[in-house]
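Source file: coords.pdb. Holds: PDB, C-alpha atoms.
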MODEL        1
ATOM      1  CA  MET A 111      47.708 106.587 142.174  1.00  0.00           C
ATOM      2  CA  SER A 112      47.245 109.357 139.630  1.00  0.00           C
ATOM      3  CA  LEU A 113      50.237 111.190 141.139  1.00  0.00           C
ATOM      4  CA  ILE A 114      52.410 108.093 140.662  1.00  0.00           C
ATOM      5  CA  ILE A 115      51.287 107.666 137.039  1.00  0.00           C
ATOM      6  CA  ASP A 116      51.923 111.357 136.368  1.00  0.00           C
ATOM      7  CA  SER A 117      55.416 111.124 137.895  1.00  0.00           C
ATOM      8  CA  LEU A 118      56.246 108.045 135.818  1.00  0.00           C
ATOM      9  CA  ALA A 119      55.035 109.767 132.619  1.00  0.00           C
ATOM     10  CA  LYS A 120      57.244 112.788 133.321  1.00  0.00           C
ATOM     11  CA  LEU A 121      60.218 110.526 134.035  1.00  0.00           C
ATOM     12  CA  ALA A 122      59.675 108.627 130.765  1.00  0.00           C
ATOM     13  CA  GLU A 123      59.434 111.902 128.815  1.00  0.00           C
ATOM     14  CA  LYS A 124      62.650 113.193 130.385  1.00  0.00           C
ATOM     15  CA  PHE A 125      64.424 109.891 129.646  1.00  0.00           C
ATOM     16  CA  SER A 126      63.308 109.868 125.995  1.00  0.00           C
ATOM     17  CA  GLN A 127      64.592 113.406 125.528  1.00  0.00           C
ATOM     18  CA  LYS A 128      67.962 112.542 127.006  1.00  0.00           C
ATOM     19  CA  TYR A 129      68.382 109.290 125.053  1.00  0.00           C
ATOM     20  CA  PRO A 130      66.657 109.704 121.688  1.00  0.00           C
ATOM     21  CA  GLY A 131      66.466 106.971 119.063  1.00  0.00           C
ATOM     22  CA  GLU A 132      68.270 106.921 115.739  1.00  0.00           C
ATOM     23  CA  ALA A 133      68.453 110.240 113.931  1.00  0.00           C
ATOM     24  CA  SER A 134      66.738 110.797 110.591  1.00  0.00           C
ATOM     25  CA  GLY A 135      66.217 113.731 108.272  1.00  0.00           C
ATOM     26  CA  VAL A 136      68.715 116.581 108.025  1.00  0.00           C
ATOM     27  CA  ALA A 137      71.755 115.625 110.100  1.00  0.00           C
ATOM     28  CA  THR A 138      73.734 118.301 111.960  1.00  0.00           C
ATOM     29  CA  LEU A 139      77.439 117.472 112.110  1.00  0.00           C
ATOM     30  CA  ASP A 140      80.127 118.699 114.493  1.00  0.00           C
ATOM     31  CA  GLY A 141      83.756 119.406 113.592  1.00  0.00           C
ATOM     32  CA  SER A 142      84.527 115.681 113.599  1.00  0.00           C
ATOM     33  CA  SER A 143      81.674 114.900 111.179  1.00  0.00           C
ATOM     34  CA  LYS A 144      79.652 113.300 113.982  1.00  0.00           C
ATOM     35  CA  VAL A 145      75.917 113.770 114.299  1.00  0.00           C
ATOM     36  CA  VAL A 146      74.911 116.030 117.192  1.00  0.00           C
ATOM     37  CA  GLU A 147      71.689 115.917 119.229  1.00  0.00           C
ATOM     38  CA  ASP A 148      71.136 119.608 118.753  1.00  0.00           C
ATOM     39  CA  PRO A 149      73.368 122.555 117.815  1.00  0.00           C
ATOM     40  CA  GLY A 150      75.929 123.218 120.531  1.00  0.00           C
ATOM     41  CA  SER A 151      75.582 119.845 122.267  1.00  0.00           C
ATOM     42  CA  ALA A 152      78.062 116.994 122.490  1.00  0.00           C
ATOM     43  CA  ALA A 153      78.418 114.545 119.602  1.00  0.00           C
ATOM     44  CA  TYR A 154      75.482 112.150 119.292  1.00  0.00           C
ATOM     45  CA  THR A 155      76.976 108.677 118.780  1.00  0.00           C
ATOM     46  CA  LYS A 156      74.191 106.399 120.015  1.00  0.00           C
ATOM     47  CA  GLY A 157      72.765 105.429 116.633  1.00  0.00           C
ATOM     48  CA  GLY A 158      73.361 105.845 112.911  1.00  0.00           C
ATOM     49  CA  ALA A 159      72.083 108.844 110.978  1.00  0.00           C
ATOM     50  CA  SER A 160      70.223 109.016 107.700  1.00  0.00           C
ATOM     51  CA  GLY A 161      69.100 111.976 105.651  1.00  0.00           C
ATOM     52  CA  ILE A 162      70.722 114.832 103.740  1.00  0.00           C
ATOM     53  CA  LEU A 163      74.514 114.703 103.586  1.00  0.00           C
ATOM     54  CA  GLY A 164      76.960 117.506 102.849  1.00  0.00           C
ATOM     55  CA  LEU A 165      78.294 117.727  99.278  1.00  0.00           C
ATOM     56  CA  ASP A 166      81.646 118.866  97.946  1.00  0.00           C
ATOM     57  CA  ALA A 167      82.262 121.453  95.201  1.00  0.00           C
ATOM     58  CA  SER A 168      81.405 118.820  92.556  1.00  0.00           C
ATOM     59  CA  SER A 169      78.045 118.076  94.225  1.00  0.00           C
ATOM     60  CA  ARG A 170      79.301 114.691  95.395  1.00  0.00           C
ATOM     61  CA  ILE A 171      79.381 113.219  98.888  1.00  0.00           C
ATOM     62  CA  PRO A 172      82.964 113.566 100.182  1.00  0.00           C
ATOM     63  CA  SER A 173      84.474 110.112 100.581  1.00  0.00           C
ATOM     64  CA  THR A 174      85.864 111.109 103.976  1.00  0.00           C
ATOM     65  CA  GLN A 175      82.471 112.035 105.459  1.00  0.00           C
ATOM     66  CA  ILE A 176      81.690 109.611 108.261  1.00  0.00           C
ATOM     67  CA  PHE A 177      79.162 108.907 110.961  1.00  0.00           C
ATOM     68  CA  SER A 178      80.210 107.533 114.350  1.00  0.00           C
ATOM     69  CA  THR A 179      78.041 105.055 116.227  1.00  0.00           C
ATOM     70  CA  GLU A 180      78.472 103.941 119.813  1.00  0.00           C
ATOM     71  CA  GLY A 181      81.621 106.089 119.893  1.00  0.00           C
ATOM     72  CA  THR A 182      83.756 103.374 118.276  1.00  0.00           C
ATOM     73  CA  GLU A 183      82.677 102.133 114.837  1.00  0.00           C
ATOM     74  CA  ILE A 184      82.496 104.472 111.849  1.00  0.00           C
ATOM     75  CA  TYR A 185      80.272 104.266 108.793  1.00  0.00           C
ATOM     76  CA  ARG A 186      80.979 106.209 105.633  1.00  0.00           C
ATOM     77  CA  ALA A 187      78.330 107.432 103.214  1.00  0.00           C
ATOM     78  CA  SER A 188      77.591 105.381 100.111  1.00  0.00           C
ATOM     79  CA  GLY A 189      75.749 106.357  96.970  1.00  0.00           C
ATOM     80  CA  VAL A 190      75.946 107.097  93.260  1.00  0.00           C
ATOM     81  CA  SER A 191      79.382 108.348  92.214  1.00  0.00           C
ATOM     82  CA  ASP A 192      78.541 108.921  88.535  1.00  0.00           C
ATOM     83  CA  PHE A 193      75.894 108.105  85.952  1.00  0.00           C
ATOM     84  CA  ASP A 194      75.242 108.526  82.254  1.00  0.00           C
ATOM     85  CA  ASN A 195      71.990 108.632  80.291  1.00  0.00           C
ATOM     86  CA  ILE A 196      73.279 110.155  77.034  1.00  0.00           C
ATOM     87  CA  ALA A 197      74.125 107.654  74.292  1.00  0.00           C
ATOM     88  CA  SER A 198      77.678 107.569  72.883  1.00  0.00           C
ATOM     89  CA  ASN A 199      78.573 105.940  69.550  1.00  0.00           C
ATOM     90  CA  ILE A 200      81.665 104.752  67.705  1.00  0.00           C
ATOM     91  CA  THR A 201      82.057 102.926  64.380  1.00  0.00           C
ATOM     92  CA  GLY A 202      85.796 102.190  64.389  1.00  0.00           C
ATOM     93  CA  THR A 203      88.219 101.494  67.222  1.00  0.00           C
ATOM     94  CA  GLY A 204      88.551 103.795  70.249  1.00  0.00           C
ATOM     95  CA  VAL A 205      86.809 104.895  73.437  1.00  0.00           C
ATOM     96  CA  VAL A 206      83.030 104.539  73.453  1.00  0.00           C
ATOM     97  CA  LYS A 207      82.593 106.173  76.870  1.00  0.00           C
ATOM     98  CA  ALA A 208      84.989 107.102  79.698  1.00  0.00           C
ATOM     99  CA  PHE A 209      84.281 107.753  83.382  1.00  0.00           C
ATOM    100  CA  THR A 210      86.588 109.467  85.871  1.00  0.00           C
ATOM    101  CA  ILE A 211      87.031 107.836  89.271  1.00  0.00           C
ATOM    102  CA  PRO A 212      88.014 110.822  91.468  1.00  0.00           C
ATOM    103  CA  ALA A 213      91.260 110.826  93.412  1.00  0.00           C
ATOM    104  CA  ASP A 214      90.923 109.362  96.932  1.00  0.00           C
ATOM    105  CA  LEU A 215      87.350 108.168  96.367  1.00  0.00           C
ATOM    106  CA  LEU A 216      88.683 104.716  97.235  1.00  0.00           C
ATOM    107  CA  ASN A 217      90.871 105.942 100.086  1.00  0.00           C
ATOM    108  CA  GLU A 218      90.704 102.946 102.437  1.00  0.00           C
ATOM    109  CA  ASP A 219      91.603  99.319 101.734  1.00  0.00           C
ATOM    110  CA  GLY A 220      88.368  97.455 101.053  1.00  0.00           C
ATOM    111  CA  ASP A 221      86.539 100.465  99.590  1.00  0.00           C
ATOM    112  CA  SER A 222      84.810  99.474  96.377  1.00  0.00           C
ATOM    113  CA  LEU A 223      82.912 100.619  93.301  1.00  0.00           C
ATOM    114  CA  ARG A 224      80.196  98.830  91.366  1.00  0.00           C
ATOM    115  CA  ALA A 225      79.484  99.894  87.777  1.00  0.00           C
ATOM    116  CA  LEU A 226      76.777  98.816  85.350  1.00  0.00           C
ATOM    117  CA  ILE A 227      77.362  99.883  81.734  1.00  0.00           C
ATOM    118  CA  PHE A 228      75.147  98.748  78.862  1.00  0.00           C
ATOM    119  CA  GLY A 229      74.468  99.387  75.199  1.00  0.00           C
ATOM    120  CA  GLU A 230      73.883  98.044  71.690  1.00  0.00           C
ATOM    121  CA  LYS A 231      75.677  96.822  68.605  1.00  0.00           C
ATOM    122  CA  ILE A 232      73.919  98.377  65.626  1.00  0.00           C
ATOM    123  CA  GLY A 233      74.389  96.779  62.204  1.00  0.00           C
ATOM    124  CA  THR A 234      74.629  93.195  60.938  1.00  0.00           C
ATOM    125  CA  THR A 235      77.798  93.121  58.836  1.00  0.00           C
ATOM    126  CA  PHE A 236      80.959  93.473  60.932  1.00  0.00           C
ATOM    127  CA  THR A 237      82.407  92.049  64.148  1.00  0.00           C
ATOM    128  CA  LYS A 238      83.696  94.129  67.083  1.00  0.00           C
ATOM    129  CA  THR A 239      85.722  93.530  70.247  1.00  0.00           C
ATOM    130  CA  LEU A 240      84.560  95.477  73.302  1.00  0.00           C
ATOM    131  CA  ASP A 241      86.936  95.965  76.257  1.00  0.00           C
ATOM    132  CA  ILE A 242      86.599  97.196  79.830  1.00  0.00           C
ATOM    133  CA  ARG A 243      89.693  99.241  80.751  1.00  0.00           C
ATOM    134  CA  PHE A 244      90.873 100.821  84.017  1.00  0.00           C
ATOM    135  CA  GLY A 245      93.864 102.755  85.338  1.00  0.00           C
ATOM    136  CA  THR A 246      95.796 106.014  85.239  1.00  0.00           C
ATOM    137  CA  THR A 247      96.375 105.278  81.561  1.00  0.00           C
ATOM    138  CA  PRO A 248      93.600 102.691  81.201  1.00  0.00           C
ATOM    139  CA  THR A 249      94.567  99.184  80.153  1.00  0.00           C
ATOM    140  CA  SER A 250      92.264  96.305  79.223  1.00  0.00           C
ATOM    141  CA  VAL A 251      90.793  94.164  82.001  1.00  0.00           C
ATOM    142  CA  VAL A 252      88.535  91.960  79.874  1.00  0.00           C
ATOM    143  CA  SER A 253      87.373  91.715  76.238  1.00  0.00           C
ATOM    144  CA  MET A 254      84.083  90.515  74.759  1.00  0.00           C
ATOM    145  CA  ALA A 255      83.629  89.642  71.090  1.00  0.00           C
ATOM    146  CA  LEU A 256      80.547  91.072  69.376  1.00  0.00           C
ATOM    147  CA  GLY A 257      79.587  88.976  66.346  1.00  0.00           C
ATOM    148  CA  THR A 258      78.052  90.215  63.110  1.00  0.00           C
ATOM    149  CA  PRO A 259      74.361  90.214  64.245  1.00  0.00           C
ATOM    150  CA  ALA A 260      72.929  93.288  65.924  1.00  0.00           C
ATOM    151  CA  GLY A 261      72.316  92.936  69.642  1.00  0.00           C
ATOM    152  CA  TYR A 262      72.594  94.202  73.187  1.00  0.00           C
ATOM    153  CA  TRP A 263      75.545  94.075  75.582  1.00  0.00           C
ATOM    154  CA  SER A 264      76.004  94.733  79.281  1.00  0.00           C
ATOM    155  CA  TYR A 265      79.012  94.881  81.634  1.00  0.00           C
ATOM    156  CA  GLU A 266      78.895  94.748  85.442  1.00  0.00           C
ATOM    157  CA  ILE A 267      82.182  95.697  87.114  1.00  0.00           C
ATOM    158  CA  VAL A 268      83.220  95.590  90.778  1.00  0.00           C
ATOM    159  CA  LEU A 269      86.507  97.234  91.801  1.00  0.00           C
ATOM    160  CA  ILE A 270      87.872  96.724  95.328  1.00  0.00           C
ATOM    161  CA  ARG A 271      90.856  98.640  96.666  1.00  0.00           C
ATOM    162  CA  ARG A 272      93.692  96.410  97.947  1.00  0.00           C
ATOM    163  CA  LEU A 273      96.286  99.196  98.241  1.00  0.00           C
ATOM    164  CA  SER A 274      96.530 102.712  96.827  1.00  0.00           C
ATOM    165  CA  THR A 275      98.356 101.101  93.865  1.00  0.00           C
ATOM    166  CA  SER A 276      96.362  97.882  93.492  1.00  0.00           C
ATOM    167  CA  VAL A 277      92.734  96.878  92.888  1.00  0.00           C
ATOM    168  CA  PHE A 278      90.832  93.617  92.625  1.00  0.00           C
ATOM    169  CA  VAL A 279      88.470  93.635  89.641  1.00  0.00           C
ATOM    170  CA  ASN A 280      85.561  91.314  88.920  1.00  0.00           C
ATOM    171  CA  VAL A 281      83.821  91.737  85.540  1.00  0.00           C
ATOM    172  CA  ARG A 282      80.774  90.019  84.101  1.00  0.00           C
ATOM    173  CA  GLY A 283      79.736  90.622  80.512  1.00  0.00           C
ATOM    174  CA  ILE A 284      76.533  89.546  78.751  1.00  0.00           C
ATOM    175  CA  LEU A 285      75.766  89.678  75.033  1.00  0.00           C
ATOM    176  CA  ASP A 286      72.393  88.943  73.429  1.00  0.00           C
ATOM    177  CA  GLN A 287      72.600  89.099  69.633  1.00  0.00           C
ATOM    178  CA  ILE A 288      69.412  89.238  67.606  1.00  0.00           C
ATOM    179  CA  GLY A 289      69.277  86.361  65.142  1.00  0.00           C
ATOM    180  CA  GLY A 290      72.511  84.892  66.521  1.00  0.00           C
ATOM    181  CA  THR A 291      73.545  83.009  69.633  1.00  0.00           C
ATOM    182  CA  THR A 292      71.642  84.283  72.646  1.00  0.00           C
ATOM    183  CA  GLY A 293      72.958  84.438  76.169  1.00  0.00           C
ATOM    184  CA  ILE A 294      76.704  84.702  75.545  1.00  0.00           C
ATOM    185  CA  GLY A 295      78.444  85.485  78.836  1.00  0.00           C
ATOM    186  CA  ILE A 296      81.969  86.068  80.118  1.00  0.00           C
ATOM    187  CA  MET A 297      83.446  86.563  83.593  1.00  0.00           C
ATOM    188  CA  LYS A 298      86.914  87.466  84.823  1.00  0.00           C
ATOM    189  CA  SER A 299      88.466  88.190  88.226  1.00  0.00           C
ATOM    190  CA  VAL A 300      91.929  89.736  88.335  1.00  0.00           C
ATOM    191  CA  VAL A 301      94.263  91.849  90.484  1.00  0.00           C
ATOM    192  CA  ILE A 302      95.642  94.935  88.725  1.00  0.00           C
ATOM    193  CA  SER A 303      98.782  96.559  90.112  1.00  0.00           C
ATOM    194  CA  SER A 304     100.207  98.198  86.980  1.00  0.00           C
ATOM    195  CA  ASP A 305      99.661 101.931  86.426  1.00  0.00           C
ATOM    196  CA  ILE A 306      97.203 102.229  89.342  1.00  0.00           C
ATOM    197  CA  ASP A 307      97.304 105.268  91.641  1.00  0.00           C
ATOM    198  CA  LEU A 308      94.089 105.757  93.591  1.00  0.00           C
ATOM    199  CA  THR A 309      95.419 109.014  95.083  1.00  0.00           C
ATOM    200  CA  SER A 310      94.956 110.554  91.614  1.00  0.00           C
ATOM    201  CA  ASP A 311      92.074 110.447  89.132  1.00  0.00           C
ATOM    202  CA  GLN A 312      91.617 107.064  87.440  1.00  0.00           C
ATOM    203  CA  THR A 313      89.733 106.213  84.255  1.00  0.00           C
ATOM    204  CA  LEU A 314      87.170 103.471  83.716  1.00  0.00           C
ATOM    205  CA  ASP A 315      86.137 103.171  80.087  1.00  0.00           C
ATOM    206  CA  ILE A 316      84.453 101.080  77.406  1.00  0.00           C
ATOM    207  CA  TYR A 317      86.809 100.637  74.455  1.00  0.00           C
ATOM    208  CA  VAL A 318      86.482  99.033  71.006  1.00  0.00           C
ATOM    209  CA  SER A 319      89.863  97.355  70.542  1.00  0.00           C
ATOM    210  CA  ALA A 320      89.092  95.652  67.220  1.00  0.00           C
ATOM    211  CA  SER A 321      86.637  96.547  64.480  1.00  0.00           C
ATOM    212  CA  GLY A 322      85.891  94.626  61.326  1.00  0.00           C
ATOM    213  CA  GLY A 323      83.987  97.516  59.746  1.00  0.00           C
ATOM    214  CA  THR A 324      81.540 100.346  60.200  1.00  0.00           C
ATOM    215  CA  ASP A 325      78.837  98.734  62.362  1.00  0.00           C
ATOM    216  CA  THR A 326      78.131 100.981  65.371  1.00  0.00           C
ATOM    217  CA  VAL A 327      78.830 100.240  69.028  1.00  0.00           C
ATOM    218  CA  GLN A 328      76.623 102.383  71.252  1.00  0.00           C
ATOM    219  CA  GLU A 329      76.790 102.910  75.014  1.00  0.00           C
ATOM    220  CA  VAL A 330      73.216 103.627  76.124  1.00  0.00           C
ATOM    221  CA  GLY A 331      73.598 104.220  79.852  1.00  0.00           C
ATOM    222  CA  ALA A 332      75.639 103.605  82.983  1.00  0.00           C
ATOM    223  CA  ILE A 333      75.634 104.008  86.753  1.00  0.00           C
ATOM    224  CA  ILE A 334      78.617 103.866  89.113  1.00  0.00           C
ATOM    225  CA  GLU A 335      78.096 103.319  92.856  1.00  0.00           C
ATOM    226  CA  PHE A 336      80.548 103.953  95.691  1.00  0.00           C
ATOM    227  CA  LEU A 337      80.430 101.103  98.239  1.00  0.00           C
ATOM    228  CA  PRO A 338      82.602 101.886 101.294  1.00  0.00           C
TER     229      PRO A 338
ENDMDL
END

Output the structure of this file as structure tokens.
Amino acid sequence: MSLIIDSLAKLAEKFSQKYPGEASGVATLDGSSKVVEDPGSAAYTKGGASGILGLDASSRIPSTQIFSTEGTEIYRASGVSDFDNIASNITGTGVVKAFTIPADLLNEDGDSLRALIFGEKIGTTFTKTLDIRFGTTPTSVVSMALGTPAGYWSYEIVLIRRLSTSVFVNVRGILDQIGGTTGIGIMKSVVISSDIDLTSDQTLDIYVSASGGTDTVQEVGAIIEFLP
């Protein structure tokens, strides 16, 4: 009996080595960006990989980096494309903060970005109008009026590629003004096909399009996520 148990144990060990579970940790990739079982072996396509991914010259995950599972489906890496934790201020009209969306980051129809940008209106005297803009030469997608009270604002933006020259944009804006109306919100969904070229760098920015005076609009922070 012990010989049978020993034989079965050896068979199970051999089987587990030949068909391992999902990979984790530092992934080794072959020339087709597929995970390999071990250096020099055939591409490992049984399960998805997680762990450290290769970065490009800008220390970003290349949008074309993929993992293959079951030899058919492909899954591209997702993660933070950009972030900001340094406050930017403006008192008149103009750009509060601009972000570059790299060329070909959204290189397949359905690829998307999600951005969260937030800040303050400082001062209690003048009104402002705060826009979200996007494009090669950015144009306004949505505007939110900031009243005279001081307060806090936040924009959440989702951009989905339709074509290399067209994106679907959904924007939600929230404004909470101290001493004024609380919980002001706006939402807009729109397709933009003018001055869009996702094969070149695009700009996403926060822009003060109208200013009644010298109250300050401040962008406090932002994060932009790539969602393939």

Fill in: Selection result of the PyMOL selection byres ((chain A and resi 273) around 10) on this file, as a VMD selection string
chain A and resid 216 to 221 270 to 272 274 to 278 303 306 to 308

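The space separating atom CA of Ile294 of chain A from atom CA of Thr210 of chain A comes to 28.6 Å.
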
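Between atom CA of Phe209 of chain A and atom CA of Leu337 of chain A the separation is 16.7 Å.
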
Worksheet item: Could you list as a ChimeraX atom specification every residue that has an atom within 6 Å of (80.3, 92.7, 66.0), using the file's coordinates and counting all atoms listed in the file?
Response: /A:236-238,256-258

Go ahead and dump the residues you just picked, C-alpha atoms, as a PDB file, in the frame of the given file.
ATOM      1  CA  PHE A 236      80.959  93.473  60.932  1.00  0.00           C
ATOM      2  CA  THR A 237      82.407  92.049  64.148  1.00  0.00           C
ATOM      3  CA  LYS A 238      83.696  94.129  67.083  1.00  0.00           C
ATOM      4  CA  LEU A 256      80.547  91.072  69.376  1.00  0.00           C
ATOM      5  CA  GLY A 257      79.587  88.976  66.346  1.00  0.00           C
ATOM      6  CA  THR A 258      78.052  90.215  63.110  1.00  0.00           C
TER       7      THR A 258
END

Worksheet item: Quick one: which residues end up in the PyMOL selection byres ((chain A and resi 261) around 12) for this structure, as a PyMOL selection string?
Response: chain A and resi 228-234+237-238+255-260+262-264+284-294+325-328

Response to the item:
Students should find that atom CA of Ser222 of chain A and atom CA of Ile267 of chain A are spaced 10.3 Å

Worksheet entry | Result set, the PyMOL selection byres ((chain A and resi 316) around 9) on current file, as a VMD selection string | chain A and resid 204 to 209 227 240 to 243 314 to 315 317 to 318 329

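With distances taken over all atoms listed in the file, A:Thr239 is the one residue among A:Asp311, A:Thr239, A:Val330, A:Val300 lying closest to Thr201 of chain A.
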
Worksheet item: Nearest to Gly295 of chain A: which of A:Asn195, A:Ser319, A:Ser253, A:Thr309 is it, counting all atoms listed in the file?
Response: A:Ser253

Discussion item. Calculated over all atoms listed in the file, which of the candidates A:Ala332, A:Val252, A:Ile211, A:Ile296 has the smallest distance to Ser310 of chain A?
Written reply: A:Ile211

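Closest approach to Glu266 of chain A among A:Ile302, A:Ala213, A:Val281, A:Leu223 is made by A:Val281 (distances from all atoms listed in the file).
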
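Selecting by distance to (73.7, 109.0, 84.3) with a limit of 7 Å and using only C-alpha atoms, one obtains Asp192, Phe193, Asp194, Asn195, Gly331, Ala332 and Ile333 of chain A.
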